[in-house]
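Data file: query-v3.txt. Format and content: compact mmCIF, C-alpha atoms and all ligand atoms.
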```txt
# COMPACT_ATOMS: atom_id res chain seq x y z
CA MET A 1 38.19 87.15 -11.92
CA ARG A 2 38.79 83.52 -12.54
CA GLY A 3 38.34 81.19 -9.59
CA TRP A 4 35.15 82.94 -8.62
CA GLU A 5 33.26 81.46 -11.56
CA GLN A 6 31.88 78.50 -9.66
CA VAL A 7 30.89 80.75 -6.77
CA PHE A 8 29.24 83.12 -9.22
CA ASN A 9 27.12 80.18 -10.30
CA SER A 10 26.22 78.80 -6.91
CA GLN A 11 26.32 81.92 -4.69
CA PRO A 12 26.16 84.89 -7.08
CA LYS A 13 25.30 87.52 -4.47
CA ILE A 14 28.20 86.62 -2.23
CA ALA A 15 30.70 86.41 -5.07
CA ARG A 16 29.60 89.78 -6.45
CA PHE A 17 29.70 91.40 -3.03
CA ILE A 18 33.22 90.25 -2.22
CA VAL A 19 34.69 91.01 -5.62
CA ASN A 20 33.12 94.48 -5.72
CA SER A 21 34.28 95.29 -2.20
CA TYR A 22 37.78 94.23 -3.15
CA ARG A 23 37.84 96.30 -6.33
CA LYS A 24 36.57 99.37 -4.51
CA GLY A 25 39.01 98.89 -1.63
CA ARG A 26 36.14 98.39 0.77
CA LEU A 27 36.93 95.06 2.35
CA VAL A 28 36.32 95.03 6.09
CA HIS A 29 38.36 93.19 8.72
CA ALA A 30 35.87 90.52 9.66
CA TYR A 31 33.24 88.46 7.88
CA ILE A 32 30.87 85.80 9.11
CA LEU A 33 30.18 83.17 6.46
CA GLU A 34 26.90 81.58 7.43
CA GLY A 35 25.28 78.63 5.71
CA ALA A 36 24.39 74.94 5.85
CA LYS A 37 27.02 72.22 5.81
CA GLY A 38 28.46 71.62 2.36
CA VAL A 39 27.25 74.87 0.87
CA GLY A 40 30.80 75.99 0.04
CA LYS A 41 31.83 78.29 2.88
CA LEU A 42 35.42 77.03 3.07
CA SER A 43 35.87 77.26 -0.66
CA VAL A 44 34.70 80.90 -0.65
CA ALA A 45 37.02 81.61 2.29
CA LYS A 46 39.93 80.16 0.34
CA ASN A 47 39.00 82.19 -2.70
CA PHE A 48 38.99 85.29 -0.55
CA ALA A 49 42.53 84.49 0.59
CA LYS A 50 43.69 83.68 -2.95
CA MET A 51 42.27 86.96 -4.22
CA LEU A 52 44.44 88.86 -1.73
CA LEU A 53 47.57 86.76 -2.13
CA CYS A 54 47.63 85.67 -5.79
CA GLU A 55 50.93 86.55 -7.46
CA SER A 56 49.42 87.01 -10.89
CA GLU A 57 47.79 90.12 -12.32
CA ASP A 58 44.80 88.02 -13.22
CA LYS A 59 43.55 87.31 -9.72
CA ILE A 60 42.63 84.54 -8.99
CA CYS A 61 44.96 82.58 -11.30
CA GLY A 62 44.66 79.32 -9.36
CA VAL A 63 48.07 78.09 -10.54
CA CYS A 64 50.68 80.34 -8.93
CA ARG A 65 52.58 79.21 -5.87
CA SER A 66 50.40 81.36 -3.65
CA CYS A 67 47.08 80.10 -4.99
CA ARG A 68 48.20 76.52 -4.75
CA SER A 69 49.47 76.81 -1.20
CA VAL A 70 46.24 78.51 -0.09
CA GLU A 71 44.34 75.61 -1.61
CA SER A 72 46.50 73.00 0.13
CA GLU A 73 46.33 74.97 3.40
CA THR A 74 50.08 75.48 3.62
CA HIS A 75 50.30 79.24 2.99
CA VAL A 76 51.95 80.97 5.96
CA ASN A 77 49.65 83.99 5.64
CA VAL A 78 46.51 81.90 5.88
CA TYR A 79 45.81 80.49 9.30
CA ILE A 80 43.00 77.98 9.61
CA ILE A 81 41.51 77.01 12.95
CA ARG A 82 39.23 74.02 13.39
CA PRO A 83 37.67 72.58 16.54
CA ASP A 84 40.08 70.53 18.60
CA GLY A 85 37.67 67.78 19.60
CA ASN A 86 34.31 69.35 20.36
CA SER A 87 35.42 72.92 20.81
CA ILE A 88 37.82 75.62 19.74
CA LYS A 89 40.03 76.38 22.71
CA LYS A 90 41.43 79.64 23.98
CA GLU A 91 44.97 78.39 23.32
CA GLN A 92 44.18 77.95 19.64
CA ILE A 93 43.14 81.60 19.31
CA GLN A 94 46.17 82.71 21.32
CA ALA A 95 48.49 80.74 19.06
CA LEU A 96 46.97 82.54 16.09
CA GLN A 97 47.55 85.92 17.73
CA VAL A 98 51.19 85.11 18.47
CA GLU A 99 51.74 83.96 14.91
CA PHE A 100 50.16 87.04 13.35
CA SER A 101 51.87 89.50 15.72
CA ARG A 102 55.16 88.00 14.62
CA MET A 103 54.23 88.79 11.01
CA ALA A 104 52.81 92.23 11.78
CA ALA A 105 55.48 94.12 9.89
CA GLU A 106 54.80 92.17 6.74
CA ASN A 107 52.86 94.00 4.07
CA ALA A 108 51.11 91.04 2.51
CA ALA A 109 47.57 90.29 3.61
CA LYS A 110 47.03 87.87 6.47
CA ILE A 111 43.84 85.89 6.64
CA TYR A 112 42.55 83.65 9.37
CA ILE A 113 39.69 81.28 8.84
CA ILE A 114 37.82 79.79 11.78
CA GLU A 115 35.70 76.79 10.84
CA ASP A 116 32.70 76.03 13.09
CA ALA A 117 33.34 79.35 14.80
CA ASP A 118 30.27 78.75 16.98
CA LYS A 119 32.25 76.01 18.72
CA MET A 120 34.59 78.54 20.33
CA SER A 121 34.75 78.23 24.09
CA ILE A 122 33.90 81.39 26.05
CA GLY A 123 37.61 81.92 26.63
CA ALA A 124 38.37 81.53 22.94
CA ALA A 125 35.54 83.86 21.93
CA ASN A 126 36.75 86.54 24.35
CA SER A 127 40.31 86.28 23.06
CA LEU A 128 39.05 86.59 19.52
CA LEU A 129 36.96 89.58 20.48
CA LYS A 130 40.04 91.48 21.66
CA PHE A 131 41.68 90.63 18.37
CA LEU A 132 38.69 91.91 16.43
CA GLU A 133 38.52 95.11 18.44
CA GLU A 134 42.03 96.12 17.44
CA PRO A 135 42.50 94.64 13.99
CA MET A 136 46.01 94.63 12.62
CA LYS A 137 46.70 96.22 9.30
CA ASN A 138 45.80 94.08 6.33
CA THR A 139 44.40 91.27 8.48
CA TYR A 140 41.10 89.58 7.71
CA ALA A 141 38.96 87.26 9.80
CA LEU A 142 36.59 84.80 8.16
CA LEU A 143 34.33 83.08 10.67
CA LEU A 144 32.45 80.08 9.29
CA THR A 145 29.28 78.88 10.96
CA GLU A 146 26.01 77.12 10.23
CA ASN A 147 24.18 79.54 12.49
CA ARG A 148 25.43 83.01 13.31
CA GLN A 149 23.03 83.26 16.27
CA MET A 150 25.35 80.84 18.04
CA LEU A 151 28.14 83.45 18.02
CA LEU A 152 28.51 86.09 20.71
CA PRO A 153 26.53 89.25 19.82
CA THR A 154 29.68 91.29 20.40
CA ILE A 155 31.45 89.24 17.72
CA ARG A 156 28.51 89.43 15.34
CA SER A 157 28.38 93.20 15.62
CA ARG A 158 32.00 93.49 14.50
CA ALA A 159 31.63 91.47 11.34
CA VAL A 160 29.78 91.65 8.04
CA VAL A 161 27.50 88.65 7.62
CA LEU A 162 27.48 86.78 4.33
CA SER A 163 24.53 84.38 4.25
CA PHE A 164 24.87 81.47 1.84
CA LYS A 165 21.72 80.19 0.27
CA ALA A 166 21.14 76.47 0.32
CA MET A 167 21.72 74.80 -3.01
CA GLY A 168 18.50 73.77 -4.71
CA ARG A 169 17.99 70.04 -5.12
CA GLU A 170 18.02 70.19 -8.91
CA GLN A 171 21.20 72.22 -8.90
CA LEU A 172 22.80 69.73 -6.54
CA ILE A 173 21.83 66.75 -8.71
CA GLU A 174 23.23 68.58 -11.72
CA GLN A 175 26.53 69.09 -9.91
CA TYR A 176 26.71 65.39 -9.03
CA ARG A 177 26.04 64.48 -12.65
CA ALA A 178 28.74 66.91 -13.78
CA ALA A 179 31.08 65.08 -11.42
CA GLY A 180 30.35 61.82 -13.24
CA ILE A 181 27.79 60.36 -10.86
CA HIS A 182 24.75 59.49 -12.92
CA GLN A 183 22.68 56.58 -11.72
CA TYR A 184 23.08 57.54 -8.06
CA ALA A 185 23.01 61.35 -8.36
CA SER A 186 19.48 61.79 -7.05
CA ILE A 187 20.00 59.33 -4.19
CA VAL A 188 23.23 60.95 -3.07
CA ALA A 189 21.58 64.37 -3.30
CA SER A 190 19.04 63.15 -0.76
CA LEU A 191 21.83 62.12 1.59
CA THR A 192 24.20 65.08 1.55
CA GLN A 193 24.62 68.63 0.27
CA ASN A 194 28.36 68.25 0.58
CA LEU A 195 29.65 67.49 -2.91
CA ASP A 196 32.96 65.97 -1.84
CA GLU A 197 31.27 63.74 0.69
CA GLY A 198 28.59 62.73 -1.82
CA ILE A 199 31.08 61.87 -4.53
CA ARG A 200 33.17 59.81 -2.13
CA LEU A 201 30.02 57.99 -1.08
CA ALA A 202 28.72 57.27 -4.57
CA GLU A 203 32.09 55.90 -5.61
CA SER A 204 32.38 53.54 -2.66
CA GLU A 205 31.65 49.84 -3.07
CA ILE A 206 29.74 49.76 0.18
CA PHE A 207 27.27 52.35 -1.07
CA ILE A 208 26.60 50.48 -4.28
CA SER A 209 26.20 47.21 -2.37
CA LEU A 210 23.74 48.89 -0.01
CA ILE A 211 21.60 50.13 -2.88
CA HIS A 212 21.36 46.59 -4.21
CA LEU A 213 20.58 45.34 -0.75
CA ILE A 214 17.75 47.85 -0.38
CA LEU A 215 16.24 46.57 -3.64
CA LYS A 216 16.64 42.97 -2.49
CA THR A 217 15.07 43.78 0.87
CA GLU A 218 12.10 45.23 -0.96
CA GLU A 219 11.82 42.17 -3.19
CA CYS A 220 11.41 40.12 -0.04
CA PHE A 221 8.27 42.08 0.72
CA THR A 222 6.91 42.32 -2.81
CA LYS A 223 8.07 39.21 -4.66
CA THR A 224 10.12 36.47 -3.10
CA LYS A 225 8.52 36.60 0.38
CA LEU A 226 11.87 35.57 1.82
CA ASP A 227 12.95 36.80 5.22
CA PRO A 228 15.07 39.93 4.57
CA LEU A 229 17.14 39.01 7.60
CA VAL A 230 18.55 36.08 5.63
CA ILE A 231 19.86 38.45 2.98
CA LEU A 232 21.23 40.73 5.62
CA THR A 233 23.01 37.82 7.30
CA GLN A 234 24.54 36.85 3.97
CA ASN A 235 25.95 40.37 3.75
CA GLN A 236 26.90 40.75 7.37
CA GLU A 237 30.42 41.83 6.42
CA LEU A 238 28.94 45.05 5.08
CA PHE A 239 27.37 45.96 8.38
CA LYS A 240 30.45 45.86 10.55
CA GLU A 241 30.56 49.63 10.72
CA LYS A 242 27.86 51.56 12.55
CA ASP A 243 27.88 54.19 9.80
CA THR A 244 26.89 51.55 7.26
CA GLN A 245 23.99 50.40 9.43
CA PHE A 246 22.72 53.98 9.62
CA LEU A 247 23.25 54.52 5.92
CA TYR A 248 21.21 51.40 5.14
CA LEU A 249 18.34 52.65 7.30
CA ASN A 250 18.64 56.12 5.83
CA LEU A 251 18.38 54.71 2.31
CA LEU A 252 15.38 52.63 3.32
CA VAL A 253 13.59 55.77 4.55
CA ILE A 254 14.40 57.57 1.31
CA TYR A 255 13.07 54.59 -0.63
CA TYR A 256 9.72 54.70 1.17
CA GLN A 257 9.53 58.46 0.76
CA ASP A 258 9.78 57.76 -2.96
CA VAL A 259 6.97 55.20 -2.77
CA LEU A 260 4.84 57.82 -1.02
CA LYS A 261 5.67 60.41 -3.68
CA ILE A 262 4.47 58.01 -6.38
CA MET A 263 1.26 57.42 -4.45
CA PHE A 264 0.68 61.17 -4.50
CA GLY A 265 1.55 61.40 -8.19
CA LYS A 266 4.84 63.23 -7.70
CA ASN A 267 6.91 61.02 -9.97
CA GLU A 268 9.24 63.76 -11.19
CA ASP A 269 11.39 64.06 -8.08
CA LEU A 270 12.39 60.57 -7.02
CA SER A 271 15.66 59.65 -5.35
CA PHE A 272 15.52 56.07 -6.64
CA GLU A 273 14.41 57.24 -10.08
CA ALA A 274 16.73 54.73 -11.72
CA TYR A 275 14.79 51.93 -10.04
CA LEU A 276 11.24 52.81 -10.96
CA PRO A 277 10.00 49.22 -11.51
CA SER A 278 10.98 48.33 -7.96
CA LEU A 279 9.24 51.44 -6.59
CA MET A 280 6.11 50.63 -8.60
CA ALA A 281 6.05 47.09 -7.22
CA SER A 282 6.32 48.48 -3.68
CA LYS A 283 3.54 50.92 -4.39
CA GLU A 284 1.25 47.99 -5.28
CA GLU A 285 2.02 46.25 -2.00
CA ASN A 286 1.59 49.26 0.29
CA THR A 287 -0.94 51.86 1.33
CA VAL A 288 -0.03 55.38 2.47
CA ALA A 289 -0.56 54.35 6.09
CA MET A 290 1.68 51.33 5.65
CA CYS A 291 4.48 53.45 4.18
CA LEU A 292 4.24 55.99 6.99
CA ASN A 293 4.29 53.18 9.51
CA LYS A 294 7.35 51.62 7.91
CA ILE A 295 9.21 54.93 7.95
CA GLN A 296 8.35 55.29 11.64
CA VAL A 297 9.58 51.77 12.37
CA ILE A 298 12.85 52.42 10.53
CA LEU A 299 13.41 55.64 12.49
CA ASP A 300 12.71 53.75 15.74
CA THR A 301 15.31 51.19 14.75
CA GLU A 302 17.84 53.91 14.12
CA LYS A 303 17.20 55.30 17.58
CA ARG A 304 17.72 51.87 19.13
CA LEU A 305 20.97 51.34 17.24
CA ARG A 306 22.22 54.70 18.46
CA ALA A 307 21.49 53.48 21.97
CA ASN A 308 23.78 50.53 21.19
CA ALA A 309 21.13 47.84 20.98
CA ASN A 310 22.17 44.57 19.33
CA MET A 311 22.21 45.05 15.58
CA MET A 312 20.82 41.71 14.42
CA LEU A 313 18.07 41.86 17.02
CA CYS A 314 17.17 45.37 15.90
CA PHE A 315 17.01 44.38 12.25
CA ASP A 316 15.04 41.23 13.05
CA GLN A 317 12.39 43.30 14.81
CA LEU A 318 12.54 45.92 12.08
CA PHE A 319 11.61 43.42 9.38
CA LEU A 320 8.96 41.80 11.53
CA ARG A 321 7.32 45.15 12.11
CA MET A 322 7.70 46.13 8.47
CA ARG A 323 5.79 43.00 7.56
CA GLY A 324 3.01 44.30 9.76
CA GLY A 325 3.44 41.60 12.36
CA PHE A 326 4.79 42.19 15.83
CA GLU A 327 2.76 45.38 16.10
CA SER A 328 2.56 45.22 19.83
CA CYS A 329 6.28 44.63 20.25
CA ASN A 330 7.76 47.09 22.64
CA MET A 331 10.55 48.78 20.74
CA ARG A 332 11.89 50.81 23.61
ZN ZN A 401 47.48 82.95 -8.26
```

This entry written out as structure tokens:
Amino acid sequence: MRGWEQVFNSQPKIARFIVNSYRKGRLVHAYILEGAKGVGKLSVAKNFAKMLLCESEDKICGVCRSCRSVESETHVNVYIIRPDGNSIKKEQIQALQVEFSRMAAENAAKIYIIEDADKMSIGAANSLLKFLEEPMKNTYALLLTENRQMLLPTIRSRAVVLSFKAMGREQLIEQYRAAGIHQYASIVASLTQNLDEGIRLAESEIFISLIHLILKTEECFTKTKLDPLVILTQNQELFKEKDTQFLYLNLLVIYYQDVLKIMFGKNEDLSFEAYLPSLMASKEENTVAMCLNKIQVILDTEKRLRANANMMLCFDQLFLRMRGGFESCNMR
């Protein structure tokens, strides 16, 4: 079955299980797809729907009208529910039930996918439960969650659990490289397991600018002895968004984790592997204790930013503390 190939590579057990169940006519009415963010739960759910709805003999063809509309989330037989704000509301589940009852006479399979199913309100979960207790013919529920323990036990007991294994780091880096991201593959792999998100990030100008800024910040400590705040001020435009501020700090932590790895002789798994000379220079300037302290200071700064402290003030204190001065400064 085409279309499953990628899943066979990344989640072989799950792909084999679903395809075999389908071939033997043993699909059940409800599945829980459990796994970390970005591990491919939605893509497996869509494959499941394509397998049942594909118009070609060679399921999954990926090109027929059905396959394409499942992919673009416009197929009438595939109903996707996502949290409305922070939760999935009872009305959303009821709307699904109305829609599917209307189609009850139809022979074609009907699939509903609930993303972040653990975010169902109690009312929504109870409505769903009734639906699961009396499944309609040829109707399949796919409940996606990062943690099945967050679902009601009564829902769990009515579904088959498919646990996704986390992608290994090497495998992830390989996938990023295959997607054309080379220099930054190992850095992006440290930031996210979600391929789409990672690719978007690595292709953004802001990300590339931030990497250069990290290296420049480090040069201030190792070479130029300039105040890193000056460089930050020159690039203030970049930091308008909160997300960018956090990303910068995140990258700085990853950088120092790399320096620590080198200190412990673990040179083979570095995020900033493309920037080894810079890492080596930082290694010369730091001890293990200093690196650990810097990481702690960066994490403190992140916490302060989340509490809406003034950004420039936060970064000013960050650099002071990273220099080893200002030790007694109260960061709270
Ligand atoms: Zn097809």

With 7 Å as the cut-off and all atoms listed in the file counted, what is the closest atom pair between each nearby residue of chain A and ligand ZN 401 (chain A)? Distances in Å to one decimal, ordered by chain and number, as CSV.
```
residue,atom,partner,partner_atom,distance
A:Lys50,CA,A:ZN401,ZN,6.6
A:Cys54,CA,A:ZN401,ZN,3.7
A:Glu55,CA,A:ZN401,ZN,5.0
A:Ser56,CA,A:ZN401,ZN,5.2
A:Lys59,CA,A:ZN401,ZN,6.0
A:Ile60,CA,A:ZN401,ZN,5.2
A:Cys61,CA,A:ZN401,ZN,4.0
A:Gly62,CA,A:ZN401,ZN,4.7
A:Val63,CA,A:ZN401,ZN,5.4
A:Cys64,CA,A:ZN401,ZN,4.2
A:Arg65,CA,A:ZN401,ZN,6.8
A:Ser66,CA,A:ZN401,ZN,5.7
A:Cys67,CA,A:ZN401,ZN,4.4
```

>> For region 11-23 of chain A, find every residue with an atom within 12 Å (counting all atoms listed in the file), except residues of its own chain fewer than 5 positions away, and show them as a PyMOL selection string.
In response: chain A and resi 1-6+28-29+31-35+39-41+43-45+47-52+59-60+160-168+171

Using only C-alpha atoms, please write the residues we just selected to a file, as a CSV table (one decimal), in the frame of the given file.
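Done, and the output landed in again37.csv:
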```csv
chain,number,residue,atom,x,y,z
A,1,MET,CA,38.2,87.2,-11.9
A,2,ARG,CA,38.8,83.5,-12.5
A,3,GLY,CA,38.3,81.2,-9.6
A,4,TRP,CA,35.2,82.9,-8.6
A,5,GLU,CA,33.3,81.5,-11.6
A,6,GLN,CA,31.9,78.5,-9.7
A,28,VAL,CA,36.3,95.0,6.1
A,29,HIS,CA,38.4,93.2,8.7
A,31,TYR,CA,33.2,88.5,7.9
A,32,ILE,CA,30.9,85.8,9.1
A,33,LEU,CA,30.2,83.2,6.5
A,34,GLU,CA,26.9,81.6,7.4
A,35,GLY,CA,25.3,78.6,5.7
A,39,VAL,CA,27.2,74.9,0.9
A,40,GLY,CA,30.8,76.0,0.0
A,41,LYS,CA,31.8,78.3,2.9
A,43,SER,CA,35.9,77.3,-0.7
A,44,VAL,CA,34.7,80.9,-0.6
A,45,ALA,CA,37.0,81.6,2.3
A,47,ASN,CA,39.0,82.2,-2.7
A,48,PHE,CA,39.0,85.3,-0.6
A,49,ALA,CA,42.5,84.5,0.6
A,50,LYS,CA,43.7,83.7,-3.0
A,51,MET,CA,42.3,87.0,-4.2
A,52,LEU,CA,44.4,88.9,-1.7
A,59,LYS,CA,43.6,87.3,-9.7
A,60,ILE,CA,42.6,84.5,-9.0
A,160,VAL,CA,29.8,91.6,8.0
A,161,VAL,CA,27.5,88.6,7.6
A,162,LEU,CA,27.5,86.8,4.3
A,163,SER,CA,24.5,84.4,4.2
A,164,PHE,CA,24.9,81.5,1.8
A,165,LYS,CA,21.7,80.2,0.3
A,166,ALA,CA,21.1,76.5,0.3
A,167,MET,CA,21.7,74.8,-3.0
A,168,GLY,CA,18.5,73.8,-4.7
A,171,GLN,CA,21.2,72.2,-8.9
```

>> Between CA of Ile93 (chain A) and CA of Ala124 (chain A), what is the distance in Å, rounded to a tenth?
In response: 6.0 Å

>> Residues within 10 Å of Ile122 (chain A), please, as a PyMOL selection string. Count all atoms listed in the file; anything in the same chain fewer than 5 positions from it doesn't count.
In response: chain A and resi 88-90+127-128+152

> To one decimal place, how far is CA of Leu96 (chain A) from CA of Ala141 (chain A) in Å?
Replying inline: 11.2 Å

>> What does the structure give for the distance between CA of Arg102 (chain A) and CA of Asp84 (chain A), in Å to one decimal?
In response: 23.4 Å
